[in-house]
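Q: I have a structure I would like to understand better, so I am pasting it below and will then ask my questions one at a time.
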Amino acid sequence: MSVDVIKSVGDRRLYRVIKLKNGLTALLVSDGDSGDNLPNEDAESNDMDDDGIERKDSLDDDIESKDSLHDAESKDSLDDGIRRKGGSAENNDSLEEKSSGGFSAAALCVRAGSWMEPDNLPGLAHFLEHMLFMGSQKYPNENDFDCFIKEHGGQTNANTHAEWDVAFKSALDRFANFFIHPLMSMKSVEREVKMIHSEWMMKARNEKIRFEQLLGTMSREGHPIGKFTWGNQESLQSLPALRGIDVCQALRNFWRQYYLAQYMTLVVLSKECLDVLQSWVVEIFEGISGSSKPALTFEHLGAPFDTPRFRRIYRIIPCRSITKMQLTWALPSLVQHYRKKPLHYLGMLIGHEGRGSLVSFLRERNLAHAVESGVFEVPDEFNTACSCFQVSLTLTNEGMTGFENVITVVFQYLKLLSIKGFHRSFWNEAFQIEKTKFRFLEQIDPMKYVEQLAKDMHRYKPQDYITGNLMFEYDEKLLQSCLESLKPHAMNIALWSKAFKDCKGFKWCEEKWFKTAYAAQDIPQDWIQTWTNCDCLPEFSLPEPNVYIATDFRLKPNDCSANFLEMPLTDTNVSRLWFCKDEEFLVPKASVNFFLKSCEADRSPSSACMLDLYVELLKDHITQVVYPAELAEISCRIVALDRGLVIRISGFSHKLTRLFVAVVDRLATFQVREDLFSTLKQDLKVFYRNSGLNPEVLNKQLRRSLLFDCHWDLMRKYECISAVTLESFSEFVKSFYAQMYVEGLIQGNITSKKAKSVESFLLCRLEIKAAQNLEYLRQNQVKRIPPGCSIFTARNRSTDDENSVITNYYQYGKCGLREFLINQIILAKMEEPCFACLRTSKQLGYHVQSGSTYLYGMVGFTVTICSLASKCSMQVLDDSIEEFLQDFHKNHVEKMTEETLSEIISTEIRLKQNCGDANLQAEVDRRWKEILENSYVFDRPTREINELKTITLQDLKLWSRNFIAPESKRRKLSIQVVGNDRQSAPRRQPGSKRPPLRFPSPHQQPTTYPNPRPTIFPNPRATTNSNSRATTYPNPRVFTSIEEFKSECKRYST
C-alpha cells in the first residue's frame, strides 16, 4: 500500500518509505538527474495544491507497508530520552551527494538515549555513541570507516559522513555493521572514557547545559529527566569500579536492549534510482537485530515537574558575566499536536519585536534588551513526558534589581492575549509565509537534510516527514488551554548574575556534576497575587499587518549584457558595485551586500570599540523595522569588520529594496539615548570580557592580532571601552562617513537598473565622501612571521578552567593558486591520520583539528588541540604535533604513489565539480567572500579544477620537504593558551570578594600576560626526545607581548 509523502513543488527528488522485516523504517530519496525523476507537466499540474505543496505517492514493492505506523506509533514517535543535554545518542552518519550527480547522504537515528540508561551508570548512552564507531566484527580496525570515508573525499566527526556514489554502497555496509555487531573492545573502552571526560570538561562552563542539569534536579524523584546524561570519568570509571560494575559489559547490554531495528529510522539519499536504493538498504540493513518490543515512552511516570522544588526562584551564579531571567512552565506533552504547534505560535506572539510588543516596552524603559519565547529544548516538544515553555529575558542591571516588576510586565502582556485573543490574522500571515518559504525551498546541505529527516521520522506521520515542521492547523481552544497553563503559581523563575557572588543572606547550594552554585527561594505569595490580578497595559498591542510579505514571484528580465566575472557594474573613487542577474537558480530572491570601508574603523582599539558599539546601537535602532521583514523571510545583518561596516539584506525580492531603503533611512537619522548608550556600552564590555574567558576564542583572537596589522583583539577593546564617552562616540560616527570607500554586490532576481538606484540611494542618503587613502582601504596585509619557531603564551583567564588550547600555525608565504592547491591536497591527506594519532591514539584532547589556511594570499596550515592542563603540558602538546608532522611526512607523503595521488586528485576534482553552489545564497556568499578578501576570483572552482590536473607527485613531495619535513626551514607560530588546574586552584565562595579581571596587554608583559613556561613547564629548549623540538627548532622565541612579536616580524619583512 502506498503512502503520500508531501513535498515542495520545487522538489524534484523522488521519495519512498519502506519498512524492513526487522522493523527498521527507511526513507529512500532519489536525487538522480535522469528523465525518470522529472515529473511530466500533466502529472505535476494534477498533483499541485494551491499552497505550492506537491503530494506524491511513495512506492512500495514487497516490503511491509508503513501505514500501520500512522496513528499508533507517531502519537509518541519522539526520540524519548535521547541525550539532549549536550549531545545526542542518535547516531547520524551521512554519505553526501549533491543534486544531479553530486553527493550521497545517509543518516540513521536511534530512538534510544540517556533516559533509558541504568541509574548507576550516568552517561552510558553517550558513551555508547562514542564506542559504536570504534570498529565492527566485519571491519575490526578502529579507524577503518574514517579512512575509507577520507579516501573518497569525505569528512568525519561526531556525525560521520562520506561521499561518492562509487563508494556509497561500501560505506553503507561499513556504517550498518556498527549497528549489526560493534566491537566495543576493553582497550577502546578504557581509552575512550577519557575522551568522554574531556568533552564534558569542554562543556562544563556552558550556561545552557549547566541549567539543563540543574532543572533536572527539580523533577520528581526517579524521573529520568533528572539524569546526568554527559558522563565523565567519575560516573563511567571511578564509581563503577568501586561498585564492581563491568562498564564494557554494560555497554553491550544497553546496545542489545535498545539498539534494535524497530527503534531506528534511516534516510538514504543518492542519485541512484529508488529500486537500487531499496535493494541496497534491504541487503545491508536487514542484518540489524530487531524484535516486537514496543518503544519505551514516559507519560506513565506522570508530570516530572509537578514538585515544590520546581515552583521556586533560583538565583544562579554563572561562569561568565550574564544578567538573565528565565520563566519556565511545564505543560503536558503536546507531541500529538505537531500540526498545530500551539506553543510555537504562543512563542511568536510573546517574542514579537514590533511596535506594541513586550520587548519594545522593556527596551524603552531600559529594563531588558531581548526577549525570547518558545519551547524549551530540554525536554523539547517532541517527548512523551512534558513540554516546557519558557520566556527568556536578557535584563539590564536595573531590570535585574526589580526583576519582580519585569515579571509583572510579562503577565500584563499575557493578559492582552487573554482579552483580545490569539490574533488569527497574524497566524494566517505566519502560515502564508511558511507556505511561500516551502514553495520556494532551495536545496540545503545533503548531510543536514538527511539528519533532520531521520529525526523527524520519529516525530511525524509518514506523509509529514518533510513538512512536519510547518504549522498546518489553527486551534484556538488548544491555544487558550496552553495560555491558561502559564500561571504565576506554576512557574519556575531562574536568575543569572555575577552580582549574586557578593550577596549574603542566601543559603547557597551546589549541583553535583557541574558544580553550579545556586540559592533557592519560595516565590512570595503577594507577588503571585500581583501577577494574577494585573491588568493589561495600554502600550501593548498585537502585531501589526506585515508589509514585507512577498506576493509577487515573477522573475525579472535580464537588462545587463556585461559579464559579471569581467567588470563591475559601476566603479568610481567612492564605490564599486558588482552585479549579477540570477539565470541559474531562477528563484524570486535577491541579495544586497555593501561593505562601507572607513579610514576611522581601525585607527585604534578605541575606534574599533566605537564601531562595535555603533553596530549594537544600530541594531537596536532598526529592530522594529527589520523584525517583521525577517518574519517574512527577508534577513538583515549589520556587522563590524576590521575595516568598516557590512550591510547584508537577502530574501524574497518583492519587498527587499523596501527594507533596504528603510534600514538606510534609519542609519541616516541615527540618534541615541544616553541611557541606552550606557547600557549597551556596558553590555559590550561584558561581551569582550566573556569572550576573552573562552580559551578557544582567546586563541583565535590572539592569532588574528599577531598576524594582522588592522585587527584589534577583544582584550585590548576591553581595556579601552570604559573611556568611550557619548561625545567621543558621536564624533566617531560623524568622522566614520567622512572618508569612505563602498564596495557592493547585488545578485538575484533584480535588474541592473534597480541595482544602480540602490547603490545611488545609499551613497546619497548617507552623504558618503571619498577616502583620500583609497589604496589603504583596498588592501589587506598578513604579516610574514619570522623563520623558525615563535611561541606566544597566555593564561586561560578563568582561574577554575582547566581547558588549554594550542594552535600551531605554519606559514609558507604569499603563493598562487597552484601552491594553495598543493597545500590543500596535503592537508586533506593529513586530516584523518592527525585525528587518529593525536586524538584517538595519544588521547591528547577531545578536540583535535588540522586544516589549510589561505589568508589574503598567504598559504599555511594549522594544527589545534584542546586539552586539559592537569593532563598535558604545552610542551607535550607541541612536541606531539611536531612528532606527528615528521611521521606524516615520512610515512604518508614520501611513500605516496602515483596511483594514490591520482585517486586524491580525482576525488578533489569531483569534490569541486559537485560541491558547487547549492542555492542562490551559497553562490552570493562565495562571491562576497572574494570581494571581502580583495581577490575577485569569481570563477575560482573552475580555475582550481584546471590547475589540479597539472599537479604531480613530485610537486607534493617537494612541498612537504620544504614545508613539513623536520629539516625544512619552516616559519611556525605556536599560540598557547594555558589552562588552570582546577584541583589546585582555590575556589571562591559566594559572598567573598571577587578579584579584578585583567586581560593581556601588549605593553605590560610581566603582570598582565605572564609567561607560564618558566614556572609550569620545562625549558622549551630542553627535551628528552631526539626527534622533537630540539632538532626542528633549536632556538624557539617566546613572546608575551603582541607588539614585541610584530616588531620581530618587521625585521624579516624583507
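By order in the C-alpha cells, chains are A, B, ...; within a chain, residues start at 1; ligands start at 1, following the order shown.
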Can you list, as a PyMOL selection string, every protein, DNA or RNA residue that comes within 7 Å of region 167-184 of chain A when you count only C-alpha atoms, leaving out same-chain residues fewer than 3 positions away?
A: chain A and resi 95+131-139+145+163-164+188-189+284-285+287-289
Q: I want to know what sits within 9 Å of Ala499 (chain A), based on only C-alpha atoms, with residues of the same chain fewer than 4 positions away left out; could you give that as a PyMOL selection string?
A: chain A and resi 317+321+323+503
Q: What lies within 10 Å of region 748-753 of chain A using only C-alpha atoms, ignoring chain neighbours under 4 positions off, as a PDB file with C-alpha atoms, in the first residue's frame?
A:
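Listed below is the output, selection33.pdb:
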ATOM      1  CA  PHE A 553       7.101  35.966  -7.500  1.00  0.00           C
ATOM      2  CA  ARG A 554       7.659  36.851 -11.143  1.00  0.00           C
ATOM      3  CA  LEU A 555      11.223  36.651 -12.439  1.00  0.00           C
ATOM      4  CA  LYS A 556      12.740  39.904 -13.682  1.00  0.00           C
ATOM      5  CA  PRO A 557      14.240  40.210 -17.194  1.00  0.00           C
ATOM      6  CA  ASN A 558      17.995  40.444 -17.589  1.00  0.00           C
ATOM      7  CA  ASP A 559      18.752  44.001 -18.700  1.00  0.00           C
ATOM      8  CA  CYS A 560      22.552  43.765 -18.362  1.00  0.00           C
ATOM      9  CA  SER A 561      24.851  42.447 -21.079  1.00  0.00           C
ATOM     10  CA  ALA A 562      28.061  42.896 -19.067  1.00  0.00           C
ATOM     11  CA  LEU A 569      28.586  47.486 -12.916  1.00  0.00           C
ATOM     12  CA  TRP A 578      29.323  44.117  -8.707  1.00  0.00           C
ATOM     13  CA  PHE A 579      26.064  42.880 -10.174  1.00  0.00           C
ATOM     14  CA  CYS A 580      24.746  39.535 -11.393  1.00  0.00           C
ATOM     15  CA  LYS A 581      21.230  38.771 -12.552  1.00  0.00           C
ATOM     16  CA  ASP A 582      20.397  35.221 -11.486  1.00  0.00           C
ATOM     17  CA  GLU A 583      19.982  32.979 -14.505  1.00  0.00           C
ATOM     18  CA  GLU A 584      20.792  29.664 -12.805  1.00  0.00           C
ATOM     19  CA  PHE A 585      18.607  29.108  -9.753  1.00  0.00           C
ATOM     20  CA  LEU A 586      15.598  31.025 -11.096  1.00  0.00           C
ATOM     21  CA  VAL A 587      14.020  31.836  -7.751  1.00  0.00           C
ATOM     22  CA  PRO A 588      12.287  35.119  -6.770  1.00  0.00           C
ATOM     23  CA  LYS A 589      15.029  36.012  -4.325  1.00  0.00           C
ATOM     24  CA  ALA A 590      17.856  38.527  -4.237  1.00  0.00           C
ATOM     25  CA  SER A 591      20.748  39.660  -2.084  1.00  0.00           C
ATOM     26  CA  VAL A 592      22.058  43.194  -1.490  1.00  0.00           C
ATOM     27  CA  SER A 650      18.725  38.797   1.482  1.00  0.00           C
ATOM     28  CA  GLY A 651      15.434  37.082   0.814  1.00  0.00           C
ATOM     29  CA  PHE A 652      12.377  37.319  -1.400  1.00  0.00           C
ATOM     30  CA  SER A 653      12.982  40.102  -3.905  1.00  0.00           C
ATOM     31  CA  HIS A 654       9.481  41.610  -3.985  1.00  0.00           C
ATOM     32  CA  LEU A 656      13.623  43.529  -0.372  1.00  0.00           C
ATOM     33  CA  THR A 657      14.541  47.009  -1.636  1.00  0.00           C
ATOM     34  CA  SER A 757      19.476  53.016  -7.986  1.00  0.00           C
ATOM     35  CA  VAL A 758      20.028  51.056  -4.753  1.00  0.00           C
ATOM     36  CA  LEU A 920      21.484  31.329  -4.700  1.00  0.00           C
ATOM     37  CA  GLN A 921      22.622  32.421  -1.245  1.00  0.00           C
ATOM     38  CA  VAL A 924      26.344  35.004  -3.197  1.00  0.00           C
TER      39      VAL A 924
END
Q: Kindly give the distance, in Å, that separates CA of Val247 (chain A) and CA of Glu142 (chain A), rounded to a single decimal.
A: 19.2 Å
Q: May I have all residues of region 113-258 of chain A that DSSP, computed from the backbone, assigns to alpha helix (DSSP H), given as a PyMOL selection string?
A: chain A and resi 124-131+144-151+165-180+186-203+207-216+233+239-243+247-258
Q: So that I can see what lies close to Leu706 (chain A), please list as a PyMOL selection string the residues with an atom at most 8 Å from it, counting only C-alpha atoms and leaving out residues fewer than 4 positions away in the same chain.
A: chain A and resi 702+783+1042+1045-1046
Q: Using only C-alpha atoms, which protein or nucleic acid residues come within 10 Å of Ser728 (chain A)? Drop anything in the same chain fewer than 4 positions from it, and give the result as a ChimeraX atom specification.
A: /A:606-607,610,723-724,732-733
Q: Selection from above, all heavy atoms, as a compact mmCIF listing (two decimals), in the first residue's frame, can you write it?
A:
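Result went into out_22.txt, see below:
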# COMPACT_ATOMS: atom_id res chain seq x y z
N SER A 606 40.33 52.01 20.42
CA SER A 606 39.17 52.79 20.79
C SER A 606 38.21 52.95 19.61
O SER A 606 36.98 52.86 19.77
CB SER A 606 39.60 54.18 21.30
OG SER A 606 38.49 54.94 21.69
N SER A 607 38.76 53.17 18.42
CA SER A 607 37.92 53.26 17.22
C SER A 607 37.20 51.95 16.96
O SER A 607 36.01 51.94 16.61
CB SER A 607 38.78 53.63 16.00
OG SER A 607 39.37 54.89 16.15
N MET A 610 34.31 51.67 19.32
CA MET A 610 33.18 52.53 18.97
C MET A 610 32.45 52.01 17.74
O MET A 610 31.23 52.19 17.62
CB MET A 610 33.67 53.97 18.76
CG MET A 610 34.06 54.64 20.08
SD MET A 610 34.42 56.40 19.95
CE MET A 610 36.10 56.35 19.33
N ALA A 723 36.68 54.13 28.57
CA ALA A 723 37.00 55.54 28.33
C ALA A 723 36.14 56.17 27.24
O ALA A 723 36.20 57.38 27.02
CB ALA A 723 38.47 55.69 27.96
N VAL A 724 35.34 55.37 26.53
CA VAL A 724 34.49 55.90 25.46
C VAL A 724 33.32 56.67 26.07
O VAL A 724 32.60 56.16 26.92
CB VAL A 724 33.98 54.76 24.56
CG1 VAL A 724 32.99 55.31 23.53
CG2 VAL A 724 35.14 54.07 23.86
N PHE A 732 33.01 60.13 16.53
CA PHE A 732 33.46 58.99 15.72
C PHE A 732 32.46 58.69 14.61
O PHE A 732 32.85 58.46 13.45
CB PHE A 732 33.64 57.76 16.60
CG PHE A 732 33.78 56.48 15.82
CD1 PHE A 732 35.00 56.14 15.24
CD2 PHE A 732 32.70 55.62 15.64
CE1 PHE A 732 35.13 54.96 14.50
CE2 PHE A 732 32.82 54.45 14.91
CZ PHE A 732 34.04 54.12 14.34
N VAL A 733 31.17 58.69 14.92
CA VAL A 733 30.15 58.38 13.91
C VAL A 733 30.20 59.40 12.78
O VAL A 733 30.08 59.03 11.59
CB VAL A 733 28.75 58.33 14.55
CG1 VAL A 733 27.68 58.17 13.48
CG2 VAL A 733 28.66 57.20 15.55
Q: Find the residues near region 687-696 of chain A: any atom within 6 Å, counting only C-alpha atoms, skip ones fewer than 4 places away on the same chain, and give them as number ranges by chain.
A: A: 320, 714, 718, 796-798
Q: Could you turn the residues from that selection into a file that holds N, CA and C atoms, as a compact mmCIF listing (two decimals), in the first residue's frame?
A:
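Below is the file out_15.txt, written as the result:
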# COMPACT_ATOMS: atom_id res chain seq x y z
N ARG A 320 30.22 33.04 33.40
CA ARG A 320 30.55 34.27 32.72
C ARG A 320 29.55 35.35 33.10
N LEU A 714 39.85 41.41 21.21
CA LEU A 714 38.83 41.71 22.20
C LEU A 714 39.42 42.18 23.52
N TYR A 718 38.54 45.60 25.38
CA TYR A 718 38.03 45.58 26.76
C TYR A 718 38.72 46.66 27.59
N ASN A 796 44.80 31.03 30.40
CA ASN A 796 43.35 30.98 30.41
C ASN A 796 42.87 31.92 31.52
N ARG A 797 42.04 32.89 31.18
CA ARG A 797 41.69 33.93 32.13
C ARG A 797 40.70 33.47 33.19
N SER A 798 40.11 32.29 33.01
CA SER A 798 39.23 31.73 34.04
C SER A 798 40.06 30.87 34.98
Q: What's the separation between CA of Gly290 (chain A) and CA of Cys248 (chain A), in Å to one decimal place?
A: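 Separation between CA of Gly290 (chain A) and CA of Cys248 (chain A): 21.9 Å.
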Q: What separation in Å, quoted to one decimal, exists between CA of Glu882 (chain A) and CA of Glu899 (chain A)?
A: 27.9 Å
Q: Excluding Lys597 (chain A) and any residue of its chain fewer than 2 positions from it, enumerate the residues within 12 Å of it, using only C-alpha atoms, and give them as a count of residues only.
A: 39
Q: Within 12 Å of region 832-845 of chain A, which residues of region 891-961 of chain A show up? Give each one with its shortest atom-to-atom distance in Å (one decimal) and the two atoms involved, counting only C-alpha atoms, rows by chain then rising residue number, as CSV.
A:
residue,atom,partner,partner_atom,distance
A:Asn891,CA,A:Pro833,CA,10.6
A:His892,CA,A:Pro833,CA,9.1
A:Val893,CA,A:Pro833,CA,11.9
Q: Could the residues in this selection be saved with N, CA, C and O atoms as a JSON list (two decimals), in the first residue's frame?
A:
[["chain", "number", "residue", "atom", "x", "y", "z"],
["A", 891, "ASN", "N", 55.96, 8.89, 6.33],
["A", 891, "ASN", "CA", 55.19, 7.68, 6.03],
["A", 891, "ASN", "C", 53.94, 7.91, 5.18],
["A", 891, "ASN", "O", 53.34, 6.94, 4.71],
["A", 892, "HIS", "N", 53.56, 9.15, 4.99],
["A", 892, "HIS", "CA", 52.37, 9.40, 4.18],
["A", 892, "HIS", "C", 52.69, 10.14, 2.88],
["A", 892, "HIS", "O", 52.13, 9.79, 1.84],
["A", 893, "VAL", "N", 53.58, 11.13, 2.95],
["A", 893, "VAL", "CA", 53.88, 11.89, 1.74],
["A", 893, "VAL", "C", 55.00, 11.23, 0.95],
["A", 893, "VAL", "O", 54.86, 10.97, -0.26]]
Q: Taking only C-alpha atoms into account, name the residue in A:Leu676, A:Val335, A:Leu14, A:Leu470 that is nearest to Asn383 (chain A).
A: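 Selected residue with least distance to Asn383 (chain A): A:Val335.
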Q: Please tabulate, as CSV, the residues of region 101-145 of chain A that come within 9 Å of region 193-198 of chain A, each with its closest pair of atoms and the distance in Å to one decimal, counting only C-alpha atoms and ordering rows by chain, then residue number upward.
A:
residue,atom,partner,partner_atom,distance
A:Gly123,CA,A:Ile196,CA,8.9
A:His126,CA,A:Ile196,CA,8.1
A:Phe127,CA,A:Ile196,CA,6.9
A:His130,CA,A:Ile196,CA,8.1
